[in-house]
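Below is upload-v1.csv, holding CSV, C-alpha atoms.
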```
chain,number,residue,atom,x,y,z
O,1,MET,CA,0.0,0.0,0.0
O,2,ARG,CA,1.4,3.4,-1.0
O,3,ILE,CA,1.9,6.1,1.5
O,4,ASN,CA,-1.4,7.6,2.4
O,5,PRO,CA,-1.1,10.9,4.4
O,6,PRO,CA,-4.5,10.5,6.3
O,7,LEU,CA,-3.5,6.9,7.2
O,8,VAL,CA,-0.1,8.2,8.4
O,9,ALA,CA,-1.9,10.8,10.6
O,10,LEU,CA,-4.2,8.1,12.1
O,11,ALA,CA,-1.1,5.9,12.7
O,12,THR,CA,0.5,8.8,14.5
O,13,GLY,CA,-2.4,8.9,16.8
O,14,ALA,CA,-2.2,5.2,17.3
O,15,PHE,CA,1.5,5.5,18.1
O,16,GLY,CA,0.8,8.0,20.8
O,17,ILE,CA,-2.0,5.9,22.4
O,18,GLY,CA,0.2,2.8,22.1
O,19,VAL,CA,3.0,4.5,24.0
O,20,THR,CA,0.8,5.7,26.9
O,21,GLU,CA,-1.0,2.4,27.1
O,22,PHE,CA,2.1,0.1,27.2
O,23,ALA,CA,4.6,2.4,28.9
O,24,PRO,CA,3.6,1.6,32.5
O,25,MET,CA,4.4,-2.1,31.8
O,26,GLY,CA,8.0,-1.3,31.2
O,27,MET,CA,8.1,1.0,34.2
O,28,LEU,CA,6.1,-1.2,36.6
O,29,PRO,CA,8.9,-1.8,39.2
O,30,GLY,CA,9.9,1.8,39.3
O,31,ILE,CA,6.3,3.1,39.7
O,32,ALA,CA,5.6,0.5,42.4
O,33,SER,CA,8.8,1.4,44.3
O,34,ASP,CA,8.2,5.2,44.0
O,35,LEU,CA,4.6,5.0,45.1
O,36,GLY,CA,5.1,2.4,47.8
O,37,VAL,CA,2.8,-0.3,46.4
O,38,SER,CA,3.3,-3.9,45.3
O,39,ILE,CA,3.9,-5.1,41.8
O,40,PRO,CA,0.3,-6.5,41.5
O,41,ALA,CA,-1.1,-3.2,42.8
O,42,ALA,CA,0.9,-1.3,40.2
O,43,GLY,CA,-0.4,-3.8,37.6
O,44,LEU,CA,-3.9,-2.5,38.4
O,45,LEU,CA,-2.9,0.7,36.7
O,46,VAL,CA,-3.1,-1.4,33.5
O,47,SER,CA,-6.5,-2.7,34.5
O,48,ALA,CA,-7.8,0.7,35.4
O,49,TYR,CA,-6.8,2.0,31.9
O,50,ALA,CA,-8.4,-0.9,30.3
O,51,ILE,CA,-11.7,-0.5,32.2
O,52,GLY,CA,-11.7,3.2,31.3
O,53,VAL,CA,-11.4,2.2,27.6
O,54,LEU,CA,-14.3,-0.2,28.0
O,55,ILE,CA,-16.5,2.5,29.5
O,56,GLY,CA,-15.3,5.4,27.4
O,57,ALA,CA,-15.5,3.6,24.0
O,58,PRO,CA,-19.3,3.4,23.7
O,59,LEU,CA,-19.9,6.6,25.8
O,60,MET,CA,-17.7,8.8,23.6
O,61,THR,CA,-18.9,7.2,20.4
O,62,LEU,CA,-22.6,7.5,21.1
O,63,THR,CA,-22.4,11.1,22.4
O,64,THR,CA,-20.2,12.4,19.5
O,65,GLY,CA,-22.1,10.9,16.6
O,66,LYS,CA,-22.9,14.3,15.0
O,67,ILE,CA,-19.4,15.7,15.3
O,68,PRO,CA,-17.3,15.7,12.0
O,69,ARG,CA,-14.9,12.8,12.2
O,70,ARG,CA,-11.8,15.1,11.7
O,71,TYR,CA,-12.7,17.3,14.6
O,72,LEU,CA,-13.7,14.4,16.8
O,73,LEU,CA,-10.4,12.6,16.3
O,74,ILE,CA,-8.5,15.8,17.2
O,75,GLY,CA,-10.7,16.3,20.3
O,76,LEU,CA,-10.0,12.8,21.4
O,77,MET,CA,-6.3,13.4,21.2
O,78,ALA,CA,-6.8,16.5,23.4
O,79,ILE,CA,-8.3,14.3,26.1
O,80,PHE,CA,-5.2,12.0,25.6
O,81,THR,CA,-2.9,14.9,26.2
O,82,LEU,CA,-4.7,16.1,29.3
O,83,GLY,CA,-4.7,12.7,30.8
O,84,ASN,CA,-0.9,12.3,30.3
O,85,LEU,CA,-0.3,15.7,31.8
O,86,MET,CA,-2.3,14.6,34.9
O,87,SER,CA,-0.1,11.4,35.1
O,88,ALA,CA,3.1,13.5,34.9
O,89,LEU,CA,1.8,15.6,37.8
O,90,ALA,CA,0.5,12.7,39.9
O,91,THR,CA,1.9,12.6,43.4
O,92,ASP,CA,0.4,9.4,44.7
O,93,TYR,CA,-1.1,6.1,43.6
O,94,THR,CA,-4.7,7.3,43.7
O,95,SER,CA,-4.0,10.4,41.6
O,96,LEU,CA,-2.1,8.3,39.0
O,97,LEU,CA,-5.0,5.8,38.9
O,98,ILE,CA,-7.4,8.7,38.2
O,99,ALA,CA,-5.1,10.1,35.5
O,100,ARG,CA,-4.9,6.8,33.8
O,101,VAL,CA,-8.7,6.5,33.6
O,102,VAL,CA,-8.9,10.0,32.1
O,103,THR,CA,-6.3,9.2,29.6
O,104,SER,CA,-8.1,6.0,28.6
O,105,LEU,CA,-11.4,7.7,27.7
O,106,ASN,CA,-10.2,8.7,24.2
O,107,HIS,CA,-8.8,5.3,23.4
O,108,GLY,CA,-11.7,3.2,22.2
O,109,ALA,CA,-13.4,6.0,20.3
O,110,PHE,CA,-10.2,7.0,18.5
O,111,PHE,CA,-9.4,3.5,17.3
O,112,GLY,CA,-13.0,2.7,16.6
O,113,VAL,CA,-13.8,5.8,14.6
O,114,GLY,CA,-10.3,5.8,13.1
O,115,SER,CA,-10.7,2.2,11.9
O,116,VAL,CA,-13.9,3.1,10.1
O,117,VAL,CA,-12.3,6.3,8.6
O,118,ALA,CA,-9.2,4.3,7.5
O,119,ALA,CA,-11.4,1.6,5.8
O,120,SER,CA,-13.3,4.3,4.0
O,121,LEU,CA,-10.2,5.8,2.5
O,122,VAL,CA,-9.3,2.7,0.4
O,123,ALA,CA,-10.8,0.2,-2.0
O,124,PRO,CA,-13.1,-2.4,-0.4
O,125,ASP,CA,-10.6,-5.3,-0.9
O,126,LYS,CA,-8.0,-3.3,0.9
O,127,ARG,CA,-10.0,-2.4,4.1
O,128,ALA,CA,-8.3,-4.8,6.4
O,129,GLY,CA,-4.9,-3.6,5.2
O,130,ALA,CA,-5.9,0.0,5.8
O,131,VAL,CA,-7.0,-0.9,9.4
O,132,ALA,CA,-3.7,-2.6,9.8
O,133,ALA,CA,-1.9,0.5,8.5
O,134,MET,CA,-3.5,2.5,11.2
O,135,PHE,CA,-2.7,-0.1,13.9
O,136,MET,CA,0.9,0.0,12.6
O,137,GLY,CA,1.4,3.1,14.8
O,138,LEU,CA,0.4,1.0,17.8
O,139,THR,CA,3.0,-1.7,17.0
O,140,LEU,CA,5.7,0.9,16.2
O,141,ALA,CA,5.1,2.4,19.6
O,142,THR,CA,6.2,-0.9,21.1
O,143,ILE,CA,9.4,-0.8,19.1
O,144,GLY,CA,10.5,2.8,19.8
O,145,GLY,CA,8.1,4.7,22.0
O,146,VAL,CA,7.6,2.2,24.9
O,147,PRO,CA,11.3,1.2,25.3
O,148,LEU,CA,12.2,4.9,25.1
O,149,ALA,CA,9.7,5.8,27.7
O,150,ALA,CA,11.0,2.9,29.9
O,151,TRP,CA,14.5,4.2,29.4
O,152,PHE,CA,13.6,7.8,30.4
O,153,GLY,CA,11.6,6.4,33.3
O,154,GLU,CA,14.6,4.5,34.6
O,155,LEU,CA,17.0,7.4,34.0
O,156,LEU,CA,14.9,10.5,34.9
O,157,GLY,CA,11.9,9.1,36.7
O,158,TRP,CA,8.6,7.7,35.3
O,159,ARG,CA,6.9,11.2,35.5
O,160,THR,CA,9.4,12.4,32.8
O,161,ALA,CA,8.1,9.7,30.5
O,162,PHE,CA,4.6,11.0,30.8
O,163,TRP,CA,5.7,14.6,30.1
O,164,GLY,CA,7.2,13.4,26.9
O,165,ILE,CA,4.0,11.5,26.0
O,166,SER,CA,2.0,14.7,26.5
O,167,GLY,CA,4.2,16.5,23.9
O,168,LEU,CA,3.6,13.6,21.6
O,169,GLY,CA,-0.1,14.3,22.0
O,170,VAL,CA,0.3,17.8,20.8
O,171,ILE,CA,2.2,16.7,17.7
O,172,THR,CA,-0.5,14.2,16.9
O,173,MET,CA,-3.2,16.8,17.1
O,174,LEU,CA,-1.3,18.9,14.5
O,175,ALA,CA,-0.8,15.9,12.2
O,176,LEU,CA,-4.5,15.1,12.3
O,177,TRP,CA,-5.4,18.8,11.6
O,178,PHE,CA,-3.2,19.1,8.5
O,179,ALA,CA,-3.5,15.6,7.0
O,180,LEU,CA,-7.0,14.2,7.7
O,181,PRO,CA,-9.7,15.1,5.2
O,182,ASN,CA,-13.3,16.0,6.1
O,183,VAL,CA,-15.0,12.6,6.1
O,184,GLU,CA,-18.7,12.3,5.6
O,185,LEU,CA,-20.7,11.5,8.8
O,186,PRO,CA,-22.0,7.9,8.8
O,187,LYS,CA,-25.7,7.4,8.4
O,188,SER,CA,-27.4,6.4,11.6
O,189,ASP,CA,-30.9,5.3,12.5
O,190,GLY,CA,-30.4,6.6,16.0
O,191,VAL,CA,-28.6,5.7,19.2
O,192,LEU,CA,-31.1,3.0,20.2
O,193,ALA,CA,-30.9,1.3,16.8
O,194,GLU,CA,-27.1,1.2,17.0
O,195,ILE,CA,-27.3,-0.3,20.5
O,196,ARG,CA,-29.7,-3.0,19.3
O,197,VAL,CA,-27.2,-4.0,16.6
O,198,LEU,CA,-24.7,-4.7,19.4
O,199,GLY,CA,-27.1,-7.2,20.9
O,200,ARG,CA,-27.1,-9.5,17.8
O,201,GLY,CA,-25.6,-12.9,18.3
O,202,PRO,CA,-22.8,-12.7,15.7
O,203,VAL,CA,-21.7,-9.3,17.1
O,204,LEU,CA,-21.6,-10.5,20.7
O,205,ALA,CA,-19.7,-13.6,19.6
O,206,ALA,CA,-17.1,-11.5,17.8
O,207,LEU,CA,-16.7,-9.2,20.8
O,208,ALA,CA,-16.3,-12.2,23.2
O,209,LEU,CA,-13.6,-13.6,21.0
O,210,THR,CA,-11.8,-10.3,21.1
O,211,VAL,CA,-11.8,-10.3,24.9
O,212,VAL,CA,-10.4,-13.8,25.1
O,213,GLY,CA,-7.8,-13.2,22.4
O,214,SER,CA,-6.5,-10.0,24.0
O,215,SER,CA,-6.4,-11.5,27.5
O,216,ALA,CA,-4.1,-14.3,26.2
O,217,MET,CA,-1.6,-11.7,25.2
O,218,PHE,CA,-1.8,-9.5,28.3
O,219,THR,CA,-1.8,-12.2,30.9
O,220,VAL,CA,1.9,-12.5,30.3
O,221,PHE,CA,2.9,-9.1,28.7
O,222,THR,CA,1.7,-7.1,31.7
O,223,TYR,CA,4.4,-8.7,33.8
O,224,ILE,CA,7.1,-9.0,31.2
O,225,ALA,CA,9.6,-6.7,33.2
O,226,PRO,CA,9.5,-8.7,36.5
O,227,ILE,CA,9.5,-12.0,34.5
O,228,LEU,CA,12.7,-11.1,32.7
O,229,SER,CA,14.2,-9.6,35.9
O,230,THR,CA,13.6,-12.7,38.1
O,231,GLN,CA,13.5,-15.6,35.7
O,232,THR,CA,16.0,-14.5,33.0
O,233,HIS,CA,18.1,-12.4,35.5
O,234,ALA,CA,18.1,-9.7,32.9
O,235,SER,CA,19.6,-6.2,33.2
O,236,THR,CA,17.6,-3.1,32.5
O,237,GLY,CA,19.2,-2.9,29.0
O,238,PHE,CA,18.2,-6.4,28.1
O,239,ILE,CA,14.6,-5.8,29.2
O,240,THR,CA,14.5,-2.7,27.1
O,241,ALA,CA,15.9,-4.7,24.1
O,242,MET,CA,13.2,-7.3,24.6
O,243,LEU,CA,10.5,-4.7,24.6
O,244,VAL,CA,11.9,-3.5,21.3
O,245,LEU,CA,12.0,-7.1,19.9
O,246,TYR,CA,8.5,-7.7,21.1
O,247,GLY,CA,7.4,-4.6,19.2
O,248,VAL,CA,9.2,-5.8,16.1
O,249,GLY,CA,7.1,-9.0,16.4
O,250,LEU,CA,3.9,-7.0,16.8
O,251,THR,CA,4.7,-5.0,13.7
O,252,LEU,CA,5.4,-8.1,11.6
O,253,GLY,CA,2.3,-9.8,13.0
O,254,ASN,CA,0.2,-6.7,12.2
O,255,MET,CA,1.5,-6.6,8.6
O,256,TRP,CA,0.8,-10.3,8.0
O,257,GLY,CA,-2.5,-10.3,9.8
O,258,GLY,CA,-3.8,-7.4,7.8
O,259,LYS,CA,-2.9,-9.0,4.4
O,260,ALA,CA,-4.1,-12.5,5.5
O,261,ALA,CA,-7.4,-11.2,6.9
O,262,ASP,CA,-8.3,-9.7,3.5
O,263,ARG,CA,-8.1,-13.3,2.2
O,264,SER,CA,-9.7,-15.2,5.2
O,265,ILE,CA,-10.4,-13.9,8.7
O,266,ASP,CA,-11.0,-17.4,10.2
O,267,ARG,CA,-7.8,-19.0,8.8
O,268,THR,CA,-5.8,-16.0,10.0
O,269,LEU,CA,-7.2,-16.4,13.5
O,270,ILE,CA,-6.7,-20.1,13.6
O,271,ALA,CA,-3.1,-19.9,12.5
O,272,SER,CA,-2.3,-17.0,14.9
O,273,LEU,CA,-3.9,-18.5,18.0
O,274,SER,CA,-2.3,-21.9,17.4
O,275,ALA,CA,1.1,-20.3,17.2
O,276,LEU,CA,0.4,-18.2,20.3
O,277,ILE,CA,-0.5,-21.4,22.3
O,278,LEU,CA,2.7,-23.1,21.3
O,279,VAL,CA,5.0,-20.2,22.0
O,280,LEU,CA,3.5,-19.4,25.4
O,281,LEU,CA,3.8,-23.1,26.4
O,282,ALA,CA,7.5,-23.0,25.3
O,283,PHE,CA,8.1,-19.7,27.1
O,284,THR,CA,7.4,-21.4,30.5
O,285,VAL,CA,10.8,-23.1,30.1
O,286,LEU,CA,12.6,-20.8,27.7
O,287,MET,CA,12.3,-17.7,29.9
O,288,ARG,CA,15.2,-19.1,32.0
O,289,TRP,CA,17.8,-18.3,29.2
O,290,PRO,CA,18.3,-15.0,27.4
O,291,LEU,CA,18.7,-16.2,23.8
O,292,PRO,CA,15.8,-18.7,23.8
O,293,ALA,CA,13.7,-16.2,25.6
O,294,ALA,CA,14.4,-13.6,23.0
O,295,VAL,CA,13.4,-16.0,20.1
O,296,ALA,CA,10.2,-16.8,22.0
O,297,ILE,CA,9.4,-13.2,22.6
O,298,LEU,CA,9.7,-12.4,18.9
O,299,ILE,CA,7.4,-15.2,17.8
O,300,TRP,CA,5.0,-14.3,20.7
O,301,GLY,CA,4.8,-10.8,19.4
O,302,ILE,CA,4.1,-11.9,15.8
O,303,ALA,CA,1.3,-14.3,16.9
O,304,SER,CA,-0.2,-11.8,19.4
O,305,PHE,CA,-0.8,-9.0,17.0
O,306,ALA,CA,-1.7,-11.0,13.9
O,307,ILE,CA,-5.1,-11.5,15.5
O,308,VAL,CA,-5.9,-7.8,15.8
O,309,PRO,CA,-6.8,-6.9,12.2
O,310,PRO,CA,-9.0,-10.0,11.7
O,311,LEU,CA,-10.8,-9.4,15.0
O,312,GLN,CA,-11.5,-5.8,14.2
O,313,MET,CA,-12.8,-6.7,10.7
O,314,ARG,CA,-14.9,-9.5,12.1
O,315,VAL,CA,-16.8,-7.1,14.4
O,316,MET,CA,-17.1,-4.4,11.7
O,317,GLU,CA,-18.6,-6.9,9.2
O,318,ALA,CA,-21.0,-8.4,11.8
O,319,ALA,CA,-22.3,-4.9,12.7
O,320,LYS,CA,-22.5,-3.1,9.4
O,321,ALA,CA,-25.5,-1.1,10.5
O,322,ALA,CA,-23.5,0.5,13.4
O,323,PRO,CA,-19.8,0.3,12.3
O,324,ASN,CA,-18.5,3.2,14.4
O,325,LEU,CA,-20.1,2.0,17.7
O,326,ALA,CA,-19.2,-1.7,17.1
O,327,SER,CA,-15.7,-0.8,16.1
O,328,ALA,CA,-15.2,1.4,19.2
O,329,VAL,CA,-16.8,-1.2,21.5
O,330,ASN,CA,-14.5,-3.8,20.1
O,331,ILE,CA,-11.5,-1.7,21.1
O,332,GLY,CA,-13.1,-1.7,24.5
O,333,ALA,CA,-13.3,-5.4,24.3
O,334,PHE,CA,-9.6,-5.6,23.5
O,335,ASN,CA,-9.0,-3.6,26.7
O,336,LEU,CA,-11.4,-5.6,28.8
O,337,GLY,CA,-9.2,-8.5,27.7
O,338,ASN,CA,-6.1,-6.5,28.8
O,339,ALA,CA,-7.7,-6.0,32.2
O,340,VAL,CA,-8.7,-9.7,32.5
O,341,GLY,CA,-5.2,-10.7,31.5
O,342,ALA,CA,-3.5,-8.4,34.0
O,343,ALA,CA,-5.9,-9.6,36.7
O,344,VAL,CA,-5.3,-13.3,35.9
O,345,GLY,CA,-1.5,-12.7,36.0
O,346,GLY,CA,-1.8,-11.0,39.3
O,347,VAL,CA,-3.9,-13.8,40.8
O,348,VAL,CA,-1.2,-16.3,39.7
O,349,ILE,CA,1.5,-14.2,41.3
O,350,ASN,CA,-0.5,-13.7,44.6
O,351,ALA,CA,-1.2,-17.5,44.7
O,352,GLY,CA,2.5,-18.1,44.8
O,353,LEU,CA,2.5,-20.3,41.6
O,354,GLY,CA,5.5,-18.6,40.1
O,355,TYR,CA,6.1,-16.6,36.9
O,356,PRO,CA,6.2,-19.6,34.6
O,357,ALA,CA,2.6,-20.3,35.6
O,358,ILE,CA,1.6,-17.0,34.1
O,359,SER,CA,2.7,-18.1,30.7
O,360,LEU,CA,0.6,-21.3,31.2
O,361,ALA,CA,-2.4,-19.2,32.0
O,362,GLY,CA,-1.9,-17.1,28.8
O,363,ALA,CA,-1.7,-20.3,26.7
O,364,ALA,CA,-4.9,-21.5,28.3
O,365,MET,CA,-6.7,-18.3,27.3
O,366,ALA,CA,-5.3,-18.6,23.7
O,367,GLY,CA,-6.6,-22.2,23.7
O,368,LEU,CA,-10.1,-21.0,24.7
O,369,GLY,CA,-9.9,-18.4,21.8
O,370,LEU,CA,-9.0,-21.1,19.3
O,371,LEU,CA,-11.9,-23.3,20.4
O,372,MET,CA,-14.2,-20.3,20.0
O,373,VAL,CA,-13.0,-19.6,16.4
O,374,LEU,CA,-13.4,-23.2,15.5
O,375,GLY,CA,-16.8,-23.3,17.0
O,376,PHE,CA,-18.0,-20.2,15.2
O,377,ALA,CA,-16.6,-21.5,11.9
O,378,TRP,CA,-18.4,-24.8,12.3
O,379,ARG,CA,-21.6,-23.1,13.2
O,380,SER,CA,-21.4,-20.9,10.2
O,381,ARG,CA,-21.0,-23.9,7.9
O,382,VAL,CA,-23.9,-25.6,9.5
O,383,VAL,CA,-26.1,-22.6,9.0
O,384,VAL,CA,-25.0,-22.0,5.4
O,385,ALA,CA,-25.2,-25.6,4.3
O,386,PRO,CA,-29.0,-26.0,4.0
O,387,VAL,CA,-29.1,-22.8,1.8
O,388,THR,CA,-26.5,-24.2,-0.6
```
Show how you would write the structure in this file as structure tokens.
Amino acid sequence: MRINPPLVALATGAFGIGVTEFAPMGMLPGIASDLGVSIPAAGLLVSAYAIGVLIGAPLMTLTTGKIPRRYLLIGLMAIFTLGNLMSALATDYTSLLIARVVTSLNHGAFFGVGSVVAASLVAPDKRAGAVAAMFMGLTLATIGGVPLAAWFGELLGWRTAFWGISGLGVITMLALWFALPNVELPKSDGVLAEIRVLGRGPVLAALALTVVGSSAMFTVFTYIAPILSTQTHASTGFITAMLVLYGVGLTLGNMWGGKAADRSIDRTLIASLSALILVLLAFTVLMRWPLPAAVAILIWGIASFAIVPPLQMRVMEAAKAAPNLASAVNIGAFNLGNAVGAAVGGVVINAGLGYPAISLAGAAMAGLGLLMVLGFAWRSRVVVAPVT
């Protein structure tokens, strides 16, 4: 796909959101130590952000339906900037928790509306690729933005990282202002009609799959820094390098997932979830040694994000009568999965089962997702068969 300035602007917004969403995971030990809380308690900052996305996605989408898409996306990035300023100024755990919730309110609507806008900018057979192009900003954030934030957090304090992310928010607003065209508002039969669309079986099934698939990734990734510190006995530099490597994997997975989903959504999900199960099972052992751990982390990243474009397209296709709301709610579902994954990992730690058990729990969630995809595919064939 050739360079498309509006898609680049949307990807810039995705980059900023990706940095602020994932940055605390690389700074978890520092935040916990500075605020005087435990690692699982600091992990709840990830859960709080995810719950904020879950609430904010439908709320922001339903209440802003008549705002031109260009101005809406810029306004959402203004909320992003405000929330990160609040994080930079936070003096205790509670104020940081509140700041993270405020930051999260823009997330679902930005990705939801942005996905629909991105898909509208290209030919129909390139829509999954366009959505993947926007999400490329999110994966690139894990390569450059998140490790850089973690490095600044280690060197100058975690609040410095949030000051930098706030500046990134301003840059993103300017990029959207100058590059994004005025997109026609989507037709709507009203708020209640759009909400009813979400209650349809295929839409609910697609949203449930998103929750499970996302939780498989975040059960382990939320605690990647302490896992590498205690199991691999890694230095800060090695942990930063692994965050970069994981981001490379996410980017490769996003590229492949977008192209493959334009051919077959189900086959892409089956292949990706199967690979995710295998690598998380292997990681329970491989996390003990630096080089094998690095290989596993790369493959894990590829498999994790290859599921994102097909999951987003599955929901958008199942809810064609309310694409903006369904797309935004699906982003909320991704983040509900993030919260579930972080909570599951915290339960495993608090139960004293050890860090390898976290990887087993992630593999189990990926296995559940695979069973769901296979079940949905079988049910679709059964329904379609009598017609043919």
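In this comparison, which uses only C-alpha atoms, the residue of O:Ser166, O:Ser95, O:Ser214, O:Thr64 approaching Ile17 (chain O) most closely is O:Ser166.
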What are the closest atom pairs, with distances in Å to one decimal, for all residues of region 301-321 of chain O lying within 9 Å of region 330-349 of chain O? Consider all atoms listed in the file, order rows by chain and residue number, and present the result as JSON lines.
```
{"residue": "O:Val308", "atom": "CA", "partner": "O:Phe334", "partner_atom": "CA", "distance": 8.8}
{"residue": "O:Leu311", "atom": "CA", "partner": "O:Asn330", "partner_atom": "CA", "distance": 8.4}
{"residue": "O:Gln312", "atom": "CA", "partner": "O:Asn330", "partner_atom": "CA", "distance": 6.9}
{"residue": "O:Val315", "atom": "CA", "partner": "O:Asn330", "partner_atom": "CA", "distance": 7.0}
{"residue": "O:Met316", "atom": "CA", "partner": "O:Asn330", "partner_atom": "CA", "distance": 8.8}
```
Using only C-alpha atoms, please write the residues we just selected to a file, as a JSON list (two decimals), keeping the file's coordinate frame.
```json
[["chain", "number", "residue", "atom", "x", "y", "z"],
["O", 308, "VAL", "CA", -5.90, -7.80, 15.80],
["O", 311, "LEU", "CA", -10.80, -9.40, 15.00],
["O", 312, "GLN", "CA", -11.50, -5.80, 14.20],
["O", 315, "VAL", "CA", -16.80, -7.10, 14.40],
["O", 316, "MET", "CA", -17.10, -4.40, 11.70]]
```
Got a sec: who's within 9 Å of Ile307 (chain O), counting only C-alpha atoms, leaving out chain neighbours fewer than 6 positions off, as a list in words?
->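 Near neighbours after the sequence-gap exclusion: Thr210, Gly213, Ser214, Gly253, Asn254, Gly257, Gly258, Ala261, Ile265, Thr268, Leu269, Ile270, Ser272 and Leu273 of chain O.
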Residue contacts of Ala130 (chain O) (10 Å, all atoms listed in the file) excluding same-chain residues fewer than 2 positions away, as number ranges by chain = O: 1, 4, 7, 115-128, 132-136, 258-259, 309
For CA of Ile51 (chain O) and CA of Gly108 (chain O), quote the distance in Å rounded to one decimal.
->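 Straight-line distance from CA of Ile51 (chain O) to CA of Gly108 (chain O) works out to 10.7 Å.
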Residue contacts of Thr240 (chain O) (12 Å, only C-alpha atoms) excluding same-chain residues fewer than 3 positions away, as a PyMOL selection string = chain O and resi 23+25-27+142-154+224-225+228-229+234-237+243-247+294
Using the selection just defined, write its residues with C-alpha atoms as a PDB file, keeping the file's coordinate frame.
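Generated file (part_38.pdb):
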```
ATOM      1  CA  ALA O  23       4.600   2.400  28.900  1.00  0.00           C
ATOM      2  CA  MET O  25       4.400  -2.100  31.800  1.00  0.00           C
ATOM      3  CA  GLY O  26       8.000  -1.300  31.200  1.00  0.00           C
ATOM      4  CA  MET O  27       8.100   1.000  34.200  1.00  0.00           C
ATOM      5  CA  THR O 142       6.200  -0.900  21.100  1.00  0.00           C
ATOM      6  CA  ILE O 143       9.400  -0.800  19.100  1.00  0.00           C
ATOM      7  CA  GLY O 144      10.500   2.800  19.800  1.00  0.00           C
ATOM      8  CA  GLY O 145       8.100   4.700  22.000  1.00  0.00           C
ATOM      9  CA  VAL O 146       7.600   2.200  24.900  1.00  0.00           C
ATOM     10  CA  PRO O 147      11.300   1.200  25.300  1.00  0.00           C
ATOM     11  CA  LEU O 148      12.200   4.900  25.100  1.00  0.00           C
ATOM     12  CA  ALA O 149       9.700   5.800  27.700  1.00  0.00           C
ATOM     13  CA  ALA O 150      11.000   2.900  29.900  1.00  0.00           C
ATOM     14  CA  TRP O 151      14.500   4.200  29.400  1.00  0.00           C
ATOM     15  CA  PHE O 152      13.600   7.800  30.400  1.00  0.00           C
ATOM     16  CA  GLY O 153      11.600   6.400  33.300  1.00  0.00           C
ATOM     17  CA  GLU O 154      14.600   4.500  34.600  1.00  0.00           C
ATOM     18  CA  ILE O 224       7.100  -9.000  31.200  1.00  0.00           C
ATOM     19  CA  ALA O 225       9.600  -6.700  33.200  1.00  0.00           C
ATOM     20  CA  LEU O 228      12.700 -11.100  32.700  1.00  0.00           C
ATOM     21  CA  SER O 229      14.200  -9.600  35.900  1.00  0.00           C
ATOM     22  CA  ALA O 234      18.100  -9.700  32.900  1.00  0.00           C
ATOM     23  CA  SER O 235      19.600  -6.200  33.200  1.00  0.00           C
ATOM     24  CA  THR O 236      17.600  -3.100  32.500  1.00  0.00           C
ATOM     25  CA  GLY O 237      19.200  -2.900  29.000  1.00  0.00           C
ATOM     26  CA  LEU O 243      10.500  -4.700  24.600  1.00  0.00           C
ATOM     27  CA  VAL O 244      11.900  -3.500  21.300  1.00  0.00           C
ATOM     28  CA  LEU O 245      12.000  -7.100  19.900  1.00  0.00           C
ATOM     29  CA  TYR O 246       8.500  -7.700  21.100  1.00  0.00           C
ATOM     30  CA  GLY O 247       7.400  -4.600  19.200  1.00  0.00           C
ATOM     31  CA  ALA O 294      14.400 -13.600  23.000  1.00  0.00           C
TER      32      ALA O 294
END
```
Any idea what's packed within 7 Å of region 194-206 of chain O, counting all atoms listed in the file, ignoring anything in its chain fewer than 6 positions away? Could you give it as number ranges by chain?
-> O: 314-315, 318-319, 321-322, 326
Anything within 10 Å of (16.2, -15.3, 28.9): list those residues as an NGL selection string, counting all atoms listed in the file and sticking to the file's coordinates.
-> :O and (227-234 or 238-239 or 242 or 283 or 285-297)
Written selection (C-alpha atoms) as a PDB file, in the frame of the given file:
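Output file selection.pdb is given in full below:
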```pdb
ATOM      1  CA  ILE O 227       9.500 -12.000  34.500  1.00  0.00           C
ATOM      2  CA  LEU O 228      12.700 -11.100  32.700  1.00  0.00           C
ATOM      3  CA  SER O 229      14.200  -9.600  35.900  1.00  0.00           C
ATOM      4  CA  THR O 230      13.600 -12.700  38.100  1.00  0.00           C
ATOM      5  CA  GLN O 231      13.500 -15.600  35.700  1.00  0.00           C
ATOM      6  CA  THR O 232      16.000 -14.500  33.000  1.00  0.00           C
ATOM      7  CA  HIS O 233      18.100 -12.400  35.500  1.00  0.00           C
ATOM      8  CA  ALA O 234      18.100  -9.700  32.900  1.00  0.00           C
ATOM      9  CA  PHE O 238      18.200  -6.400  28.100  1.00  0.00           C
ATOM     10  CA  ILE O 239      14.600  -5.800  29.200  1.00  0.00           C
ATOM     11  CA  MET O 242      13.200  -7.300  24.600  1.00  0.00           C
ATOM     12  CA  PHE O 283       8.100 -19.700  27.100  1.00  0.00           C
ATOM     13  CA  VAL O 285      10.800 -23.100  30.100  1.00  0.00           C
ATOM     14  CA  LEU O 286      12.600 -20.800  27.700  1.00  0.00           C
ATOM     15  CA  MET O 287      12.300 -17.700  29.900  1.00  0.00           C
ATOM     16  CA  ARG O 288      15.200 -19.100  32.000  1.00  0.00           C
ATOM     17  CA  TRP O 289      17.800 -18.300  29.200  1.00  0.00           C
ATOM     18  CA  PRO O 290      18.300 -15.000  27.400  1.00  0.00           C
ATOM     19  CA  LEU O 291      18.700 -16.200  23.800  1.00  0.00           C
ATOM     20  CA  PRO O 292      15.800 -18.700  23.800  1.00  0.00           C
ATOM     21  CA  ALA O 293      13.700 -16.200  25.600  1.00  0.00           C
ATOM     22  CA  ALA O 294      14.400 -13.600  23.000  1.00  0.00           C
ATOM     23  CA  VAL O 295      13.400 -16.000  20.100  1.00  0.00           C
ATOM     24  CA  ALA O 296      10.200 -16.800  22.000  1.00  0.00           C
ATOM     25  CA  ILE O 297       9.400 -13.200  22.600  1.00  0.00           C
TER      26      ILE O 297
END
```
Which one of O:Leu96, O:Leu370, O:Leu89, O:Leu76 sits closest to Ala42 (chain O) if you count only C-alpha atoms?
->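 Using only C-alpha atoms, Ala42 (chain O) sits closest to O:Leu96.
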